[in-house]
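**Q** Input: one structure, supplied below.
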Amino acid sequence: MASVLVIRFSAFGDVAMTIPVIYSVARAYPQDRFIFVTKSPFECLFINKPSNIEVIPYGSEVRSKGIIGLHDFIKKINSTYSIDRVADLHNVLRSRQIDFYFKLQGKNVAVISKGRRSKKLLTQRTHKRMEPLESSIERYHQVFRKLGYENSLNFISLFENQKEVKLPSFIPLKKNNIWIGVAPFAQHPGKVYPLEKMHQVIDQMATLEDTEIFLFGGKNEKDQLESWASDYKNVRSMAGKTSIYDELTLISQLDVMVTMDSANMHLASLVNTPVVSIWGATHPYAGFNGYNQNLENVVQLDLPCRPCSVFGNKSCYRKDFACMMGITPEKIVQKVKQITLKDSI
């Protein structure tokens with residue numbers, strides 16, 4: 001039995017994208033043990049994990065900060081689990097220090113290739129190389145292949161039988177109509193559809209027959225989402241009301257989820273829910289589309305300036321945010337209808 005240290009500290013969406021890979025590998029190699037190190041807040045993502053995966057939170061548990069704290073953490077992990085191999089799915093300074101520690105001991109260490117040069121060519125202002133790059137999920141899978149784990153990705157959902165999933169007690173509904181989720185926010189402004197336009201999307205979807213709409217967001221977006229929900233009888237805000245587990249159970253029962261290029265896109269992907277994703281400054285070609293999501297459900301505009309950023313954290317140099325402003329609410333609603341109302345189109 002081998003003990004494999006798997007490293008991916010952050011961020012939320014990136015950690016979520018590791019799950020289809022690590023679950024598939026762990027199930028294919030039940031004789032080995034996989035110790036997944038990530039930041040404490042992301043531990044909650046590992047629902048119904050295979051028994052040979054153990055998640056170790058890294059954060060407040062580290063007594064000392066900096067290199068000393070990291071070194072103490074590494075020694076504790078190694079003494080507890082006798083690490084044989086390392087899968088570095090992050091490739092940042094902190095993870096490379098862990099890699100170096102185990103390389104000195106002669107352990108097999110595999111590190112993710114992030115394709116930084118290719119992503120730079122994809123996002124440069126002129127002479128863009130517009131071609132799809134390897135997905136982050138495939139890059140994660142390659143790391144395990146380097147360690148000798150040859151298997152296919154057979155992950156479907158965090159909930160193996162979605163029909164038996166129990167909804168949170170605060171959802172006083174039985175699912176006998178169409179359920180649509182909307183997650184209108186993202187970490188960076190370049191990935192957020194203008195709120196006035198998103199309100200129009202919700203307004204149009206709320207008029208669809210036999211439809212319930214659930215709005216998802218964080219505590220900072222609670223007031224905005226509750227304001228929207230108050231305008232309609234069939235729109236409910238989930239902001240600040242759910243744990244990650246409860247949110248995932250609800251998302252697993254949706255017919256479709258409308259999201260940005262955001263963590264919620266990846267949450268929906270983890271429970272096998274179709275996503276209509278809206279892309280502005282970023283582009284699916286960079287490799288961050290949701291696991292098993294259909295590219296036909298992506299909403300975006302073909303502009304010569306797109307993509308201008310890998311992560312959506314740069315200001316629009318055109319100053320008009322055309323990549324998002326040019327997307328009509330009708331285009332998004334039509335994509336939703338194509339998924340939920342196929343017989344009526």
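Ordering of the structure tokens sets the chain letters (A, B, ...), residue numbers begin anew at 1 in every chain, and ligands are numbered from 1 in the order given.
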As a list in words, which residues of range 117-165 of chain A does DSSP assign to helix (DSSP H, G or I)?
**A**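 Written out, the helix (DSSP H, G or I) residues of range 117-165 of chain A are Arg117, Ser118, Lys119, Lys120, Leu121, Leu122, Thr123, Ser136, Ile137, Glu138, Arg139, Tyr140, His141, Gln142, Val143, Phe144, Arg145, Lys146, Gln162, Lys163 and Glu164 of chain A.
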**Q** For range 290-307 of chain A, please output as a JSON list (two decimals) with N, CA, C and O atoms, in the first residue's frame all residues within 9 Å (counting only C-alpha atoms; exclusion window: fewer than 3 positions along the same chain).
**A**
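result-v4.json written:
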```json
[["chain", "number", "residue", "atom", "x", "y", "z"],
["A", 17, "MET", "N", -12.46, 21.30, -8.78],
["A", 17, "MET", "CA", -12.11, 20.60, -10.02],
["A", 17, "MET", "C", -11.19, 19.41, -9.80],
["A", 17, "MET", "O", -11.05, 18.56, -10.68],
["A", 20, "PRO", "N", -13.32, 15.27, -9.24],
["A", 20, "PRO", "CA", -13.55, 14.18, -10.19],
["A", 20, "PRO", "C", -12.30, 13.31, -10.42],
["A", 20, "PRO", "O", -12.42, 12.10, -10.62],
["A", 122, "LEU", "N", -2.95, 33.11, -25.26],
["A", 122, "LEU", "CA", -4.41, 33.15, -25.43],
["A", 122, "LEU", "C", -5.00, 34.49, -25.03],
["A", 122, "LEU", "O", -5.97, 34.95, -25.64],
["A", 123, "THR", "N", -4.39, 35.16, -24.04],
["A", 123, "THR", "CA", -4.98, 36.38, -23.49],
["A", 123, "THR", "C", -4.27, 37.66, -23.89],
["A", 123, "THR", "O", -4.68, 38.75, -23.48],
["A", 124, "GLN", "N", -3.21, 37.57, -24.69],
["A", 124, "GLN", "CA", -2.51, 38.80, -25.08],
["A", 124, "GLN", "C", -3.41, 39.65, -25.99],
["A", 124, "GLN", "O", -4.33, 39.15, -26.65],
["A", 125, "ARG", "N", -3.14, 40.95, -26.06],
["A", 125, "ARG", "CA", -4.04, 41.88, -26.76],
["A", 125, "ARG", "C", -4.07, 41.64, -28.27],
["A", 125, "ARG", "O", -5.12, 41.76, -28.89],
["A", 126, "THR", "N", -2.92, 41.35, -28.83],
["A", 126, "THR", "CA", -2.86, 41.16, -30.28],
["A", 126, "THR", "C", -2.25, 39.80, -30.60],
["A", 126, "THR", "O", -1.55, 39.21, -29.78],
["A", 128, "LYS", "N", -3.53, 36.87, -30.80],
["A", 128, "LYS", "CA", -3.92, 35.81, -29.87],
["A", 128, "LYS", "C", -3.84, 34.45, -30.53],
["A", 128, "LYS", "O", -4.14, 34.31, -31.72],
["A", 137, "ILE", "N", -8.75, 19.99, -15.25],
["A", 137, "ILE", "CA", -9.03, 18.62, -14.80],
["A", 137, "ILE", "C", -8.09, 17.64, -15.49],
["A", 137, "ILE", "O", -7.55, 16.72, -14.86],
["A", 156, "ILE", "N", -19.18, 10.77, -11.63],
["A", 156, "ILE", "CA", -20.43, 11.34, -12.15],
["A", 156, "ILE", "C", -20.96, 12.43, -11.21],
["A", 156, "ILE", "O", -21.23, 13.55, -11.64],
["A", 261, "ASP", "N", -18.45, 32.28, -14.84],
["A", 261, "ASP", "CA", -17.25, 31.46, -14.73],
["A", 261, "ASP", "C", -16.83, 31.55, -13.28],
["A", 261, "ASP", "O", -16.00, 32.37, -12.90],
["A", 265, "MET", "N", -20.34, 27.30, -10.78],
["A", 265, "MET", "CA", -20.31, 26.47, -11.98],
["A", 265, "MET", "C", -19.71, 25.11, -11.64],
["A", 265, "MET", "O", -20.20, 24.06, -12.09],
["A", 266, "HIS", "N", -18.67, 25.11, -10.85],
["A", 266, "HIS", "CA", -17.99, 23.87, -10.50],
["A", 266, "HIS", "C", -18.79, 23.06, -9.47],
["A", 266, "HIS", "O", -18.77, 21.83, -9.49],
["A", 267, "LEU", "N", -19.50, 23.74, -8.57],
["A", 267, "LEU", "CA", -20.36, 23.03, -7.63],
["A", 267, "LEU", "C", -21.45, 22.28, -8.38],
["A", 267, "LEU", "O", -21.74, 21.11, -8.09],
["A", 268, "ALA", "N", -22.08, 22.95, -9.34],
["A", 268, "ALA", "CA", -23.12, 22.30, -10.14],
["A", 268, "ALA", "C", -22.55, 21.11, -10.91],
["A", 268, "ALA", "O", -23.19, 20.06, -11.04],
["A", 269, "SER", "N", -21.34, 21.27, -11.40],
["A", 269, "SER", "CA", -20.70, 20.19, -12.15],
["A", 269, "SER", "C", -20.44, 18.97, -11.27],
["A", 269, "SER", "O", -20.51, 17.83, -11.74],
["A", 270, "LEU", "N", -20.15, 19.20, -10.00],
["A", 270, "LEU", "CA", -19.86, 18.10, -9.08],
["A", 270, "LEU", "C", -21.10, 17.27, -8.76],
["A", 270, "LEU", "O", -20.98, 16.16, -8.24],
["A", 272, "ASN", "N", -23.56, 16.90, -11.21],
["A", 272, "ASN", "CA", -24.09, 16.49, -12.51],
["A", 272, "ASN", "C", -25.31, 17.30, -12.94],
["A", 272, "ASN", "O", -26.24, 16.77, -13.56],
["A", 273, "THR", "N", -25.31, 18.58, -12.61],
["A", 273, "THR", "CA", -26.39, 19.47, -13.03],
["A", 273, "THR", "C", -25.95, 20.30, -14.23],
["A", 273, "THR", "O", -24.87, 20.90, -14.19],
["A", 274, "PRO", "N", -26.75, 20.34, -15.30],
["A", 274, "PRO", "CA", -26.38, 21.14, -16.47],
["A", 274, "PRO", "C", -26.22, 22.62, -16.11],
["A", 274, "PRO", "O", -27.00, 23.16, -15.32],
["A", 275, "VAL", "N", -25.22, 23.25, -16.72],
["A", 275, "VAL", "CA", -24.93, 24.66, -16.43],
["A", 275, "VAL", "C", -25.00, 25.49, -17.70],
["A", 275, "VAL", "O", -24.45, 25.11, -18.74],
["A", 276, "VAL", "N", -25.71, 26.61, -17.61],
["A", 276, "VAL", "CA", -25.61, 27.67, -18.61],
["A", 276, "VAL", "C", -24.65, 28.69, -18.03],
["A", 276, "VAL", "O", -24.98, 29.39, -17.08],
["A", 277, "SER", "N", -23.43, 28.73, -18.55],
["A", 277, "SER", "CA", -22.39, 29.60, -17.99],
["A", 277, "SER", "C", -22.17, 30.81, -18.89],
["A", 277, "SER", "O", -22.19, 30.70, -20.11],
["A", 278, "ILE", "N", -21.97, 31.96, -18.25],
["A", 278, "ILE", "CA", -21.81, 33.24, -18.94],
["A", 278, "ILE", "C", -20.36, 33.69, -18.79],
["A", 278, "ILE", "O", -19.86, 33.81, -17.67],
["A", 279, "TRP", "N", -19.71, 33.95, -19.92],
["A", 279, "TRP", "CA", -18.28, 34.26, -19.92],
["A", 279, "TRP", "C", -18.04, 35.63, -20.53],
["A", 279, "TRP", "O", -18.58, 35.95, -21.59],
["A", 280, "GLY", "N", -17.20, 36.43, -19.85],
["A", 280, "GLY", "CA", -16.86, 37.76, -20.34],
["A", 280, "GLY", "C", -15.38, 37.90, -20.62],
["A", 280, "GLY", "O", -14.89, 37.56, -21.69],
["A", 281, "ALA", "N", -14.64, 38.40, -19.64],
["A", 281, "ALA", "CA", -13.20, 38.60, -19.81],
["A", 281, "ALA", "C", -12.45, 37.29, -19.96],
["A", 281, "ALA", "O", -11.39, 37.24, -20.59],
["A", 282, "THR", "N", -12.99, 36.22, -19.40],
["A", 282, "THR", "CA", -12.35, 34.91, -19.47],
["A", 282, "THR", "C", -12.96, 34.08, -20.59],
["A", 282, "THR", "O", -13.91, 34.51, -21.25],
["A", 283, "HIS", "N", -12.43, 32.89, -20.80],
["A", 283, "HIS", "CA", -12.87, 32.08, -21.93],
["A", 283, "HIS", "C", -12.71, 30.59, -21.58],
["A", 283, "HIS", "O", -11.72, 30.22, -20.93],
["A", 284, "PRO", "N", -13.65, 29.74, -21.99],
["A", 284, "PRO", "CA", -13.51, 28.30, -21.72],
["A", 284, "PRO", "C", -12.23, 27.71, -22.30],
["A", 284, "PRO", "O", -11.75, 26.68, -21.81],
["A", 285, "TYR", "N", -11.66, 28.33, -23.33],
["A", 285, "TYR", "CA", -10.43, 27.82, -23.93],
["A", 285, "TYR", "C", -9.28, 27.74, -22.94],
["A", 285, "TYR", "O", -8.33, 26.97, -23.13],
["A", 286, "ALA", "N", -9.34, 28.55, -21.88],
["A", 286, "ALA", "CA", -8.25, 28.54, -20.89],
["A", 286, "ALA", "C", -8.27, 27.28, -20.03],
["A", 286, "ALA", "O", -7.32, 27.02, -19.28],
["A", 287, "GLY", "N", -9.35, 26.50, -20.12],
["A", 287, "GLY", "CA", -9.37, 25.21, -19.45],
["A", 287, "GLY", "C", -10.13, 25.14, -18.15],
["A", 287, "GLY", "O", -9.98, 24.18, -17.40],
["A", 310, "VAL", "N", -6.97, 35.46, -17.81],
["A", 310, "VAL", "CA", -7.19, 34.05, -17.46],
["A", 310, "VAL", "C", -8.20, 33.94, -16.32],
["A", 310, "VAL", "O", -9.07, 33.07, -16.32],
["A", 312, "GLY", "N", -10.00, 36.82, -14.95],
["A", 312, "GLY", "CA", -11.00, 37.89, -14.88],
["A", 312, "GLY", "C", -10.67, 38.99, -13.91],
["A", 312, "GLY", "O", -11.53, 39.79, -13.53],
["A", 318, "ARG", "N", -10.79, 48.31, -22.99],
["A", 318, "ARG", "CA", -11.67, 49.03, -23.92],
["A", 318, "ARG", "C", -12.56, 50.04, -23.19],
["A", 318, "ARG", "O", -13.13, 50.94, -23.79],
["A", 322, "ALA", "N", -17.63, 45.36, -23.24],
["A", 322, "ALA", "CA", -18.49, 44.88, -24.33],
["A", 322, "ALA", "C", -18.75, 43.38, -24.26],
["A", 322, "ALA", "O", -19.81, 42.91, -24.69],
["A", 323, "CYS", "N", -17.81, 42.63, -23.72],
["A", 323, "CYS", "CA", -17.95, 41.18, -23.68],
["A", 323, "CYS", "C", -19.15, 40.74, -22.86],
["A", 323, "CYS", "O", -19.77, 39.70, -23.15],
["A", 324, "MET", "N", -19.53, 41.53, -21.86],
["A", 324, "MET", "CA", -20.71, 41.22, -21.05],
["A", 324, "MET", "C", -21.90, 42.10, -21.45],
["A", 324, "MET", "O", -23.03, 41.62, -21.56],
["A", 326, "GLY", "N", -22.73, 43.21, -24.22],
["A", 326, "GLY", "CA", -23.32, 42.83, -25.50],
["A", 326, "GLY", "C", -24.16, 41.57, -25.45],
["A", 326, "GLY", "O", -24.84, 41.23, -26.43],
["A", 327, "ILE", "N", -24.12, 40.84, -24.33],
["A", 327, "ILE", "CA", -24.93, 39.63, -24.20],
["A", 327, "ILE", "C", -26.33, 40.03, -23.75],
["A", 327, "ILE", "O", -26.51, 40.68, -22.73],
["A", 331, "LYS", "N", -30.75, 35.93, -24.83],
["A", 331, "LYS", "CA", -29.85, 34.86, -25.25],
["A", 331, "LYS", "C", -29.65, 33.86, -24.13],
["A", 331, "LYS", "O", -29.60, 32.63, -24.36],
["A", 332, "ILE", "N", -29.52, 34.34, -22.90],
["A", 332, "ILE", "CA", -29.34, 33.47, -21.75],
["A", 332, "ILE", "C", -30.60, 32.66, -21.49],
["A", 332, "ILE", "O", -30.55, 31.43, -21.28],
["A", 335, "LYS", "N", -31.05, 29.77, -23.86],
["A", 335, "LYS", "CA", -30.22, 28.61, -23.52],
["A", 335, "LYS", "C", -30.89, 27.79, -22.40],
["A", 335, "LYS", "O", -30.88, 26.55, -22.43],
["A", 336, "VAL", "N", -31.46, 28.49, -21.43],
["A", 336, "VAL", "CA", -32.16, 27.80, -20.34],
["A", 336, "VAL", "C", -33.35, 27.02, -20.89],
["A", 336, "VAL", "O", -33.58, 25.87, -20.54],
["A", 339, "ILE", "N", -32.64, 23.67, -22.53],
["A", 339, "ILE", "CA", -32.38, 22.57, -21.60],
["A", 339, "ILE", "C", -33.66, 22.12, -20.90],
["A", 339, "ILE", "O", -33.92, 20.92, -20.76]]
```
**Q** Would you work out the distance separating CA of Val258 in chain A from CA of Ser10 in chain A, expressed in Å to one decimal?
**A**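 We find that CA of Val258 in chain A and CA of Ser10 in chain A lie 23.6 Å from each other.
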**Q** Mind running range 104-209 of chain A against range 241-256 of chain A at 10 Å and telling me each contacting residue's nearest atom pair with the distance in Å (one decimal), counting only C-alpha atoms, chain and number ascending, as a Markdown table?
**A**
```
| residue | atom | partner | partner_atom | distance |
| --- | --- | --- | --- | --- |
| A:Ser157 | CA | A:Ser252 | CA | 8.7 |
| A:Leu158 | CA | A:Leu248 | CA | 8.7 |
| A:Phe159 | CA | A:Ser252 | CA | 8.0 |
| A:Gln162 | CA | A:Ser252 | CA | 6.8 |
| A:Lys163 | CA | A:Gln253 | CA | 8.2 |
| A:Val165 | CA | A:Thr249 | CA | 6.5 |
| A:Lys166 | CA | A:Thr249 | CA | 7.1 |
| A:Leu167 | CA | A:Thr249 | CA | 6.1 |
| A:Pro168 | CA | A:Asp246 | CA | 5.8 |
| A:Ser169 | CA | A:Asp246 | CA | 9.4 |
| A:Phe170 | CA | A:Lys241 | CA | 8.6 |
| A:Ile171 | CA | A:Leu250 | CA | 8.7 |
| A:Lys175 | CA | A:Gln253 | CA | 8.0 |
| A:Asn177 | CA | A:Asp255 | CA | 9.4 |
| A:Ile178 | CA | A:Asp255 | CA | 6.3 |
| A:Trp179 | CA | A:Leu254 | CA | 4.9 |
| A:Ile180 | CA | A:Val256 | CA | 5.3 |
| A:Gly181 | CA | A:Val256 | CA | 6.4 |
| A:Val182 | CA | A:Val256 | CA | 8.8 |
```
**Q** I need the residue nearest Asn48 in chain A from this list: A:Asn313, A:Gln105, A:Asn161, A:Ser79. Use only C-alpha atoms for the distance.
**A**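 Distance minimum relative to Asn48 in chain A lands on A:Asn161.
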**Q** Neighbouring residues of range 142-146 of chain A were defined as those with any atom within 7 Å, considering only C-alpha atoms; residues of the same chain fewer than 3 positions away were excluded. Please report them as a VMD selection string.
**A** chain A and resid 87 110 to 112 138 to 139 149 to 150
**Q** Tell me, as a PyMOL selection string, which residues lie within 6 Å of Phe216 in chain A, counting only C-alpha atoms; anything in the same chain fewer than 3 positions away does not count.
**A** chain A and resi 183+238-239
**Q** Can you pull out the residues contacting Ser262 in chain A? Cut-off 7 Å, using only C-alpha atoms, and skip same-chain residues under 2 positions away; I want them as a PDB file with C-alpha atoms, in the first residue's frame.
**A**
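File written: selection08.pdb
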```
ATOM      1  CA  GLY A  13     -13.239  26.376  -7.769  1.00  0.00           C
ATOM      2  CA  ALA A 186     -18.012  35.801  -9.206  1.00  0.00           C
ATOM      3  CA  THR A 259     -23.709  30.852 -13.446  1.00  0.00           C
ATOM      4  CA  MET A 260     -20.722  32.938 -14.260  1.00  0.00           C
ATOM      5  CA  ASN A 264     -20.875  27.774  -8.455  1.00  0.00           C
ATOM      6  CA  MET A 265     -20.314  26.467 -11.980  1.00  0.00           C
TER       7      MET A 265
END
```
**Q** In Å, rounded to a single decimal, give me how far CA of Gly217 in chain A is from CA of Cys308 in chain A.
**A**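 Interatomic distance, CA of Cys308 in chain A to CA of Gly217 in chain A: 25.4 Å.
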**Q** Where in range 5-222 of chain A does DSSP assign strand (DSSP E), given as number ranges by chain?
**A** A: 5-7, 33-39, 53-58, 85-88, 108-111, 178-183, 211-215
**Q** For Val25 in chain A, work out the shell of residues within 10 Å, counting only C-alpha atoms and skipping chain neighbours fewer than 6 positions away, then give it as a list in words.
**A**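 Counting only C-alpha atoms, the residues come to Ile19, Asp32, Phe34, Pro50, His141, Phe144, Arg145, Tyr149, Glu150, Asn151, Ser152, Leu153, Asn154 and Phe155 of chain A.
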**Q** Between A:Leu89, A:Ile98, A:Ile22, A:Val55, which residue has the minimum interatomic distance to Ile67 in chain A, considering only C-alpha atoms?
**A**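 Answer, going by the shortest atom-to-atom distance: A:Ile98.
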**Q** So that I can check the surroundings of Tyr232 in chain A, please list as a tab-separated table (two decimals) with all heavy atoms, in the first residue's frame every protein, DNA and RNA residue that reaches within 10 Å of it, counting only C-alpha atoms and ignoring chain neighbours fewer than 3 positions away.
**A**
```
chain	number	residue	atom	x	y	z
A	202	ILE	N	-33.79	37.06	-14.73
A	202	ILE	CA	-34.66	36.48	-13.70
A	202	ILE	C	-36.11	36.84	-13.96
A	202	ILE	O	-37.02	36.01	-13.83
A	202	ILE	CB	-34.21	36.96	-12.31
A	202	ILE	CG1	-32.81	36.41	-11.99
A	202	ILE	CG2	-35.21	36.53	-11.23
A	202	ILE	CD1	-32.17	37.03	-10.77
A	203	ASP	N	-36.35	38.07	-14.37
A	203	ASP	CA	-37.70	38.53	-14.67
A	203	ASP	C	-38.34	37.69	-15.77
A	203	ASP	O	-39.51	37.29	-15.68
A	203	ASP	CB	-37.66	40.01	-15.08
A	203	ASP	CG	-39.05	40.61	-15.24
A	203	ASP	OD1	-39.76	40.73	-14.23
A	203	ASP	OD2	-39.42	40.92	-16.38
A	206	ALA	N	-38.90	34.02	-14.54
A	206	ALA	CA	-39.96	33.93	-13.53
A	206	ALA	C	-41.34	33.81	-14.16
A	206	ALA	O	-42.29	33.35	-13.51
A	206	ALA	CB	-39.90	35.13	-12.59
A	207	THR	N	-41.46	34.22	-15.42
A	207	THR	CA	-42.75	34.12	-16.11
A	207	THR	C	-42.97	32.76	-16.76
A	207	THR	O	-44.07	32.48	-17.25
A	207	THR	CB	-42.87	35.21	-17.19
A	207	THR	OG1	-41.87	34.98	-18.20
A	207	THR	CG2	-42.68	36.60	-16.60
A	213	ILE	N	-37.35	29.34	-9.06
A	213	ILE	CA	-36.00	29.85	-9.26
A	213	ILE	C	-35.34	30.05	-7.90
A	213	ILE	O	-35.93	30.63	-6.98
A	213	ILE	CB	-36.02	31.18	-10.04
A	213	ILE	CG1	-36.64	30.95	-11.42
A	213	ILE	CG2	-34.62	31.77	-10.17
A	213	ILE	CD1	-36.87	32.23	-12.20
A	227	SER	N	-33.64	41.16	-2.34
A	227	SER	CA	-34.40	42.21	-3.00
A	227	SER	C	-35.02	41.70	-4.29
A	227	SER	O	-36.20	41.96	-4.58
A	227	SER	CB	-33.49	43.41	-3.28
A	227	SER	OG	-34.18	44.41	-4.03
A	228	TRP	N	-34.22	40.98	-5.07
A	228	TRP	CA	-34.76	40.40	-6.31
A	228	TRP	C	-35.87	39.40	-6.00
A	228	TRP	O	-36.92	39.40	-6.64
A	228	TRP	CB	-33.65	39.70	-7.09
A	228	TRP	CG	-32.72	40.63	-7.81
A	228	TRP	CD1	-32.87	41.97	-8.01
A	228	TRP	CD2	-31.48	40.27	-8.43
A	228	TRP	NE1	-31.80	42.48	-8.70
A	228	TRP	CE2	-30.95	41.46	-8.99
A	228	TRP	CE3	-30.77	39.09	-8.57
A	228	TRP	CZ2	-29.73	41.48	-9.68
A	228	TRP	CZ3	-29.57	39.09	-9.26
A	228	TRP	CH2	-29.06	40.29	-9.80
A	229	ALA	N	-35.64	38.52	-5.04
A	229	ALA	CA	-36.61	37.47	-4.73
A	229	ALA	C	-37.94	38.05	-4.27
A	229	ALA	O	-39.00	37.48	-4.54
A	229	ALA	CB	-36.03	36.53	-3.66
A	235	VAL	N	-39.51	32.96	-6.83
A	235	VAL	CA	-38.07	33.17	-6.74
A	235	VAL	C	-37.68	33.20	-5.27
A	235	VAL	O	-38.28	33.93	-4.48
A	235	VAL	CB	-37.64	34.48	-7.44
A	235	VAL	CG1	-36.12	34.68	-7.30
A	235	VAL	CG2	-38.03	34.46	-8.91
A	236	ARG	N	-36.66	32.41	-4.91
A	236	ARG	CA	-36.23	32.30	-3.52
A	236	ARG	C	-34.72	32.54	-3.43
A	236	ARG	O	-33.97	31.99	-4.23
A	236	ARG	CB	-36.54	30.91	-2.96
A	236	ARG	CG	-38.00	30.53	-3.01
A	236	ARG	CD	-38.20	29.04	-2.78
A	236	ARG	NE	-39.60	28.67	-2.94
A	236	ARG	CZ	-40.47	28.61	-1.93
A	236	ARG	NH1	-40.05	28.82	-0.70
A	236	ARG	NH2	-41.72	28.29	-2.14
```
**Q** Could you please determine the separation between CA of Met198 in chain A and CA of Ser237 in chain A in Å, to one decimal place?
**A**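 So the answer is 14.4 Å.
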